[in-house]
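Undergrad: What follows is the file upload_24.pdb, containing PDB, C-alpha atoms:
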ATOM      1  CA  MET A 152    -168.977 -65.029 -66.735  1.00  0.00           C
ATOM      2  CA  TYR A 153    -170.842 -61.780 -65.995  1.00  0.00           C
ATOM      3  CA  LYS A 154    -174.168 -63.431 -66.831  1.00  0.00           C
ATOM      4  CA  LEU A 155    -173.467 -66.244 -64.357  1.00  0.00           C
ATOM      5  CA  LEU A 156    -172.447 -63.826 -61.599  1.00  0.00           C
ATOM      6  CA  SER A 157    -175.476 -61.665 -62.278  1.00  0.00           C
ATOM      7  CA  TRP A 158    -177.675 -64.676 -61.428  1.00  0.00           C
ATOM      8  CA  VAL A 159    -175.574 -65.865 -58.480  1.00  0.00           C
ATOM      9  CA  ALA A 160    -176.031 -62.498 -56.726  1.00  0.00           C
ATOM     10  CA  PRO A 161    -179.861 -62.545 -56.460  1.00  0.00           C
ATOM     11  CA  VAL A 162    -179.896 -66.258 -55.585  1.00  0.00           C
ATOM     12  CA  MET A 163    -177.400 -65.640 -52.774  1.00  0.00           C
ATOM     13  CA  TRP A 164    -179.429 -62.642 -51.587  1.00  0.00           C
ATOM     14  CA  MET A 165    -182.597 -64.769 -51.604  1.00  0.00           C
ATOM     15  CA  ALA A 166    -180.724 -67.380 -49.537  1.00  0.00           C
ATOM     16  CA  THR A 167    -179.739 -64.647 -47.072  1.00  0.00           C
ATOM     17  CA  ILE A 168    -183.368 -63.492 -46.803  1.00  0.00           C
ATOM     18  CA  PHE A 169    -184.438 -67.117 -46.272  1.00  0.00           C
ATOM     19  CA  TYR A 170    -181.784 -67.603 -43.580  1.00  0.00           C
ATOM     20  CA  LEU A 171    -182.889 -64.471 -41.711  1.00  0.00           C
ATOM     21  CA  SER A 172    -186.556 -65.461 -42.031  1.00  0.00           C
ATOM     22  CA  HIS A 173    -185.810 -68.930 -40.713  1.00  0.00           C
ATOM     23  CA  GLN A 174    -184.608 -67.576 -37.376  1.00  0.00           C
ATOM     24  CA  PRO A 175    -186.991 -67.943 -34.414  1.00  0.00           C
ATOM     25  CA  SER A 176    -188.560 -64.696 -33.223  1.00  0.00           C
ATOM     26  CA  THR A 177    -186.202 -64.345 -30.254  1.00  0.00           C
ATOM     27  CA  THR A 178    -183.086 -64.570 -32.437  1.00  0.00           C
ATOM     28  CA  SER A 179    -184.553 -62.227 -35.042  1.00  0.00           C
ATOM     29  CA  SER A 180    -185.585 -59.744 -32.366  1.00  0.00           C
ATOM     30  CA  GLU A 181    -182.112 -59.801 -30.792  1.00  0.00           C
ATOM     31  CA  LEU A 182    -180.510 -59.048 -34.167  1.00  0.00           C
ATOM     32  CA  SER A 183    -182.802 -56.138 -34.952  1.00  0.00           C
ATOM     33  CA  SER A 184    -182.554 -54.854 -31.355  1.00  0.00           C
ATOM     34  CA  GLY A 185    -178.773 -54.768 -31.693  1.00  0.00           C
ATOM     35  CA  ILE A 186    -179.059 -52.814 -34.928  1.00  0.00           C
ATOM     36  CA  SER A 187    -181.600 -50.455 -33.324  1.00  0.00           C
ATOM     37  CA  GLU A 188    -179.273 -49.854 -30.368  1.00  0.00           C
ATOM     38  CA  VAL A 189    -176.337 -48.973 -32.628  1.00  0.00           C
ATOM     39  CA  ILE A 190    -178.482 -46.526 -34.606  1.00  0.00           C
ATOM     40  CA  MET A 191    -179.971 -44.980 -31.453  1.00  0.00           C
ATOM     41  CA  HIS A 192    -176.526 -44.628 -29.858  1.00  0.00           C
ATOM     42  CA  THR A 193    -175.256 -42.890 -32.999  1.00  0.00           C
ATOM     43  CA  ILE A 194    -178.229 -40.514 -33.079  1.00  0.00           C
ATOM     44  CA  GLU A 195    -177.888 -39.805 -29.344  1.00  0.00           C
ATOM     45  CA  THR A 196    -174.217 -38.963 -29.899  1.00  0.00           C
ATOM     46  CA  ILE A 197    -175.074 -36.540 -32.703  1.00  0.00           C
ATOM     47  CA  ALA A 198    -178.254 -35.125 -31.165  1.00  0.00           C
ATOM     48  CA  PRO A 199    -178.210 -35.839 -27.395  1.00  0.00           C
ATOM     49  CA  ASP A 200    -181.482 -33.997 -26.719  1.00  0.00           C
ATOM     50  CA  GLN A 201    -183.560 -36.341 -28.897  1.00  0.00           C
ATOM     51  CA  ASP A 202    -186.241 -38.353 -27.107  1.00  0.00           C
ATOM     52  CA  PHE A 203    -186.870 -41.889 -28.392  1.00  0.00           C
ATOM     53  CA  ASN A 204    -189.752 -44.286 -28.205  1.00  0.00           C
ATOM     54  CA  VAL A 205    -187.586 -47.418 -28.262  1.00  0.00           C
ATOM     55  CA  GLY A 206    -190.437 -49.771 -29.177  1.00  0.00           C
ATOM     56  CA  ALA A 207    -191.601 -47.661 -32.099  1.00  0.00           C
ATOM     57  CA  PHE A 208    -188.038 -47.157 -33.299  1.00  0.00           C
ATOM     58  CA  HIS A 209    -187.343 -50.908 -33.147  1.00  0.00           C
ATOM     59  CA  HIS A 210    -190.509 -51.572 -35.194  1.00  0.00           C
ATOM     60  CA  TYR A 211    -189.422 -48.935 -37.714  1.00  0.00           C
ATOM     61  CA  VAL A 212    -185.986 -50.575 -38.070  1.00  0.00           C
ATOM     62  CA  ARG A 213    -187.568 -54.018 -38.633  1.00  0.00           C
ATOM     63  CA  LYS A 214    -189.923 -52.747 -41.343  1.00  0.00           C
ATOM     64  CA  ASN A 215    -187.141 -50.801 -43.048  1.00  0.00           C
ATOM     65  CA  ALA A 216    -185.083 -53.998 -43.117  1.00  0.00           C
ATOM     66  CA  HIS A 217    -187.863 -55.561 -45.206  1.00  0.00           C
ATOM     67  CA  PHE A 218    -187.954 -52.563 -47.526  1.00  0.00           C
ATOM     68  CA  PHE A 219    -184.208 -52.371 -48.128  1.00  0.00           C
ATOM     69  CA  ALA A 220    -183.718 -56.141 -48.434  1.00  0.00           C
ATOM     70  CA  TYR A 221    -186.243 -56.242 -51.261  1.00  0.00           C
ATOM     71  CA  LEU A 222    -184.988 -52.982 -52.794  1.00  0.00           C
ATOM     72  CA  LEU A 223    -181.641 -54.723 -53.245  1.00  0.00           C
ATOM     73  CA  LEU A 224    -183.335 -57.920 -54.434  1.00  0.00           C
ATOM     74  CA  GLY A 225    -185.231 -55.954 -57.081  1.00  0.00           C
ATOM     75  CA  ILE A 226    -182.005 -54.405 -58.362  1.00  0.00           C
ATOM     76  CA  LEU A 227    -180.200 -57.752 -58.408  1.00  0.00           C
ATOM     77  CA  VAL A 228    -183.026 -59.615 -60.179  1.00  0.00           C
ATOM     78  CA  LEU A 229    -183.486 -56.896 -62.798  1.00  0.00           C
ATOM     79  CA  ASN A 230    -179.755 -56.803 -63.422  1.00  0.00           C
ATOM     80  CA  ALA A 231    -179.730 -60.585 -63.896  1.00  0.00           C
ATOM     81  CA  LEU A 232    -182.672 -60.451 -66.292  1.00  0.00           C
ATOM     82  CA  ARG A 233    -181.119 -57.635 -68.318  1.00  0.00           C
ATOM     83  CA  SER A 234    -177.776 -59.453 -68.498  1.00  0.00           C
ATOM     84  CA  SER A 235    -179.712 -62.414 -69.920  1.00  0.00           C
ATOM     85  CA  ASN A 236    -181.099 -60.141 -72.662  1.00  0.00           C
ATOM     86  CA  ILE A 237    -184.738 -60.221 -71.598  1.00  0.00           C
ATOM     87  CA  ALA A 238    -186.232 -57.891 -74.194  1.00  0.00           C
ATOM     88  CA  GLY A 239    -186.849 -54.329 -73.055  1.00  0.00           C
ATOM     89  CA  TYR A 240    -186.634 -52.597 -69.717  1.00  0.00           C
ATOM     90  CA  ARG A 241    -190.373 -52.736 -69.071  1.00  0.00           C
ATOM     91  CA  ARG A 242    -190.727 -56.449 -69.690  1.00  0.00           C
ATOM     92  CA  ALA A 243    -187.640 -57.235 -67.602  1.00  0.00           C
ATOM     93  CA  ALA A 244    -188.905 -54.932 -64.838  1.00  0.00           C
ATOM     94  CA  SER A 245    -192.312 -56.623 -64.875  1.00  0.00           C
ATOM     95  CA  VAL A 246    -190.749 -60.078 -64.624  1.00  0.00           C
ATOM     96  CA  ALA A 247    -188.373 -58.893 -61.883  1.00  0.00           C
ATOM     97  CA  LEU A 248    -191.255 -57.419 -59.881  1.00  0.00           C
ATOM     98  CA  LEU A 249    -193.233 -60.640 -60.264  1.00  0.00           C
ATOM     99  CA  ILE A 250    -190.259 -62.680 -59.026  1.00  0.00           C
ATOM    100  CA  CYS A 251    -189.768 -60.369 -56.025  1.00  0.00           C
ATOM    101  CA  VAL A 252    -193.461 -60.338 -55.070  1.00  0.00           C
ATOM    102  CA  LEU A 253    -193.734 -64.118 -55.344  1.00  0.00           C
ATOM    103  CA  TYR A 254    -190.589 -64.496 -53.249  1.00  0.00           C
ATOM    104  CA  ALA A 255    -191.977 -62.071 -50.649  1.00  0.00           C
ATOM    105  CA  ILE A 256    -195.195 -64.110 -50.455  1.00  0.00           C
ATOM    106  CA  SER A 257    -193.264 -67.368 -50.140  1.00  0.00           C
ATOM    107  CA  ASP A 258    -191.081 -65.784 -47.446  1.00  0.00           C
ATOM    108  CA  GLU A 259    -194.100 -64.787 -45.369  1.00  0.00           C
ATOM    109  CA  VAL A 260    -195.665 -68.242 -45.788  1.00  0.00           C
ATOM    110  CA  HIS A 261    -192.325 -69.759 -44.722  1.00  0.00           C
ATOM    111  CA  GLN A 262    -192.390 -67.650 -41.548  1.00  0.00           C
ATOM    112  CA  LEU A 263    -195.726 -69.223 -40.558  1.00  0.00           C
ATOM    113  CA  PHE A 264    -193.775 -72.394 -39.760  1.00  0.00           C
ATOM    114  CA  ILE A 265    -191.063 -70.705 -37.657  1.00  0.00           C
ATOM    115  CA  ALA A 266    -191.417 -70.486 -33.854  1.00  0.00           C
ATOM    116  CA  GLY A 267    -192.804 -67.118 -32.793  1.00  0.00           C
ATOM    117  CA  ARG A 268    -192.932 -65.731 -36.346  1.00  0.00           C
ATOM    118  CA  SER A 269    -195.948 -64.826 -38.442  1.00  0.00           C
ATOM    119  CA  GLY A 270    -196.662 -64.133 -42.071  1.00  0.00           C
ATOM    120  CA  GLU A 271    -198.103 -60.700 -42.709  1.00  0.00           C
ATOM    121  CA  VAL A 272    -199.657 -59.213 -45.821  1.00  0.00           C
ATOM    122  CA  ARG A 273    -198.308 -55.834 -44.688  1.00  0.00           C
ATOM    123  CA  ASP A 274    -194.753 -57.194 -44.955  1.00  0.00           C
ATOM    124  CA  VAL A 275    -195.431 -58.423 -48.499  1.00  0.00           C
ATOM    125  CA  LEU A 276    -196.598 -54.899 -49.368  1.00  0.00           C
ATOM    126  CA  ILE A 277    -193.482 -53.367 -47.794  1.00  0.00           C
ATOM    127  CA  ASP A 278    -191.281 -55.884 -49.618  1.00  0.00           C
ATOM    128  CA  SER A 279    -193.063 -55.161 -52.909  1.00  0.00           C
ATOM    129  CA  ALA A 280    -192.648 -51.412 -52.420  1.00  0.00           C
ATOM    130  CA  GLY A 281    -188.926 -51.904 -51.772  1.00  0.00           C
ATOM    131  CA  ALA A 282    -188.559 -54.050 -54.899  1.00  0.00           C
ATOM    132  CA  SER A 283    -190.467 -51.483 -56.964  1.00  0.00           C
ATOM    133  CA  ILE A 284    -188.233 -48.648 -55.802  1.00  0.00           C
ATOM    134  CA  GLY A 285    -185.151 -50.793 -56.475  1.00  0.00           C
ATOM    135  CA  LEU A 286    -186.386 -51.473 -60.012  1.00  0.00           C
ATOM    136  CA  GLY A 287    -186.995 -47.771 -60.510  1.00  0.00           C
ATOM    137  CA  ILE A 288    -183.493 -46.918 -59.303  1.00  0.00           C
ATOM    138  CA  TRP A 289    -181.971 -49.518 -61.635  1.00  0.00           C
ATOM    139  CA  MET A 290    -183.968 -48.201 -64.587  1.00  0.00           C
ATOM    140  CA  VAL A 291    -183.082 -44.555 -63.929  1.00  0.00           C
ATOM    141  CA  ILE A 292    -179.391 -45.352 -63.576  1.00  0.00           C
ATOM    142  CA  GLY A 293    -179.582 -47.528 -66.697  1.00  0.00           C
ATOM    143  CA  ARG A 294    -181.063 -44.689 -68.718  1.00  0.00           C
ATOM    144  CA  ILE A 295    -178.459 -42.225 -67.466  1.00  0.00           C
ATOM    145  CA  VAL A 296    -175.640 -44.609 -68.410  1.00  0.00           C
ATOM    146  CA  LYS A 297    -177.227 -45.247 -71.813  1.00  0.00           C
ATOM    147  CA  ARG A 298    -177.498 -41.500 -72.521  1.00  0.00           C
ATOM    148  CA  LYS A 299    -173.874 -40.901 -71.501  1.00  0.00           C
ATOM    149  CA  LYS A 300    -172.720 -43.626 -73.886  1.00  0.00           C
ATOM    150  CA  ARG A 301    -174.398 -41.831 -76.802  1.00  0.00           C
TER     151      ARG A 301
END
I need this file expressed as structure tokens, please.

TA:
Amino acid sequence: MYKLLSWVAPVMWMATIFYLSHQPSTTSSELSSGISEVIMHTIETIAPDQDFNVGAFHHYVRKNAHFFAYLLLGILVLNALRSSNIAGYRRAASVALLICVLYAISDEVHQLFIAGRSGEVRDVLIDSAGASIGLGIWMVIGRIVKRKKR
């Protein structure tokens, strides 16, 4: 049962990424603007003297969304591969990274066909960096857990 769930999680996360990428630019911008406003309001409450460049902050939030979405995807894919007994951490991590990078490329190509959206190599690089960090986090935690079991 765990093996099945470990594969359902990354597939569902990929579906979520696809759904968000399939939104027209206006809908996507409204979503990220709402998130930006909540974050800015929170920061203004904590540090009222801060001065914000709203446009730059909104861009930063959008790019971080790419990073963190693929960080989580990397963790989920590596977990699924390891639960399926793909030999060795390095091989599983390499396969997981390949899956994440290919999905990031396909996601950007998909966006070329959505109104007001574009596919950007920069986003693939951000996505790949997020996946790489996610894989690293999974591997570090895995090693810590393995050492504690000994």

Undergrad: Quick one: apply the PyMOL selection byres ((chain A and resi 212-227) around 8) to the file and drop the selected residues here as JSON, numbers by chain.

TA: {"A": [157, 158, 160, 161, 164, 165, 168, 183, 186, 187, 208, 209, 210, 211, 228, 229, 230, 231, 247, 248, 251, 274, 277, 278, 279, 280, 281, 282, 283, 284, 285, 286, 288, 289]}

Undergrad: Taking the file above as input, evaluate the PyMOL selection byres ((chain A and resi 258) around 10) and report the hits as a PyMOL selection string.

TA: chain A and resi 165+168-169+172-173+252-257+259-263+270-271+274-275

Undergrad: Considering only C-alpha atoms, state which residue in the set A:Ile295, A:Ala266, A:Leu276, A:Leu232 is at the smallest distance from A:Lys154.

TA: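 With only C-alpha atoms as the atom set, the closest residue is A:Leu232.
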
Undergrad: Between atom CA of A:Arg241 and atom CA of A:Val159, what is the distance in Å, rounded to a tenth?

TA: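 About the pair atom CA of A:Arg241 and atom CA of A:Val159: they are 22.4 Å apart.
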
Undergrad: Do you have the atom CA of A:Arg268-atom CA of A:Thr177 distance handy?

TA: 9.2 Å

Undergrad: Separation of atom CA of A:Gly287 and atom CA of A:Ser235, in Å?

TA: 18.9 Å

Undergrad: Which of these, A:Glu195, A:Met290, A:Gly267, A:Asn204, has the shortest distance to A:Tyr240 once you count all atoms listed in the file?

TA: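 Nearest to A:Tyr240: A:Met290.
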
Undergrad: Emit as lines of an AutoDock Vina configuration file the padded axis-aligned box for all listed atoms of stretch 230-237 of chain A, 4 Å per side, with centre and edge lengths in Å to one decimal.

TA:
center_x = -181.3
center_y = -59.6
center_z = -68.0
size_x = 15.0
size_y = 13.6
size_z = 17.2
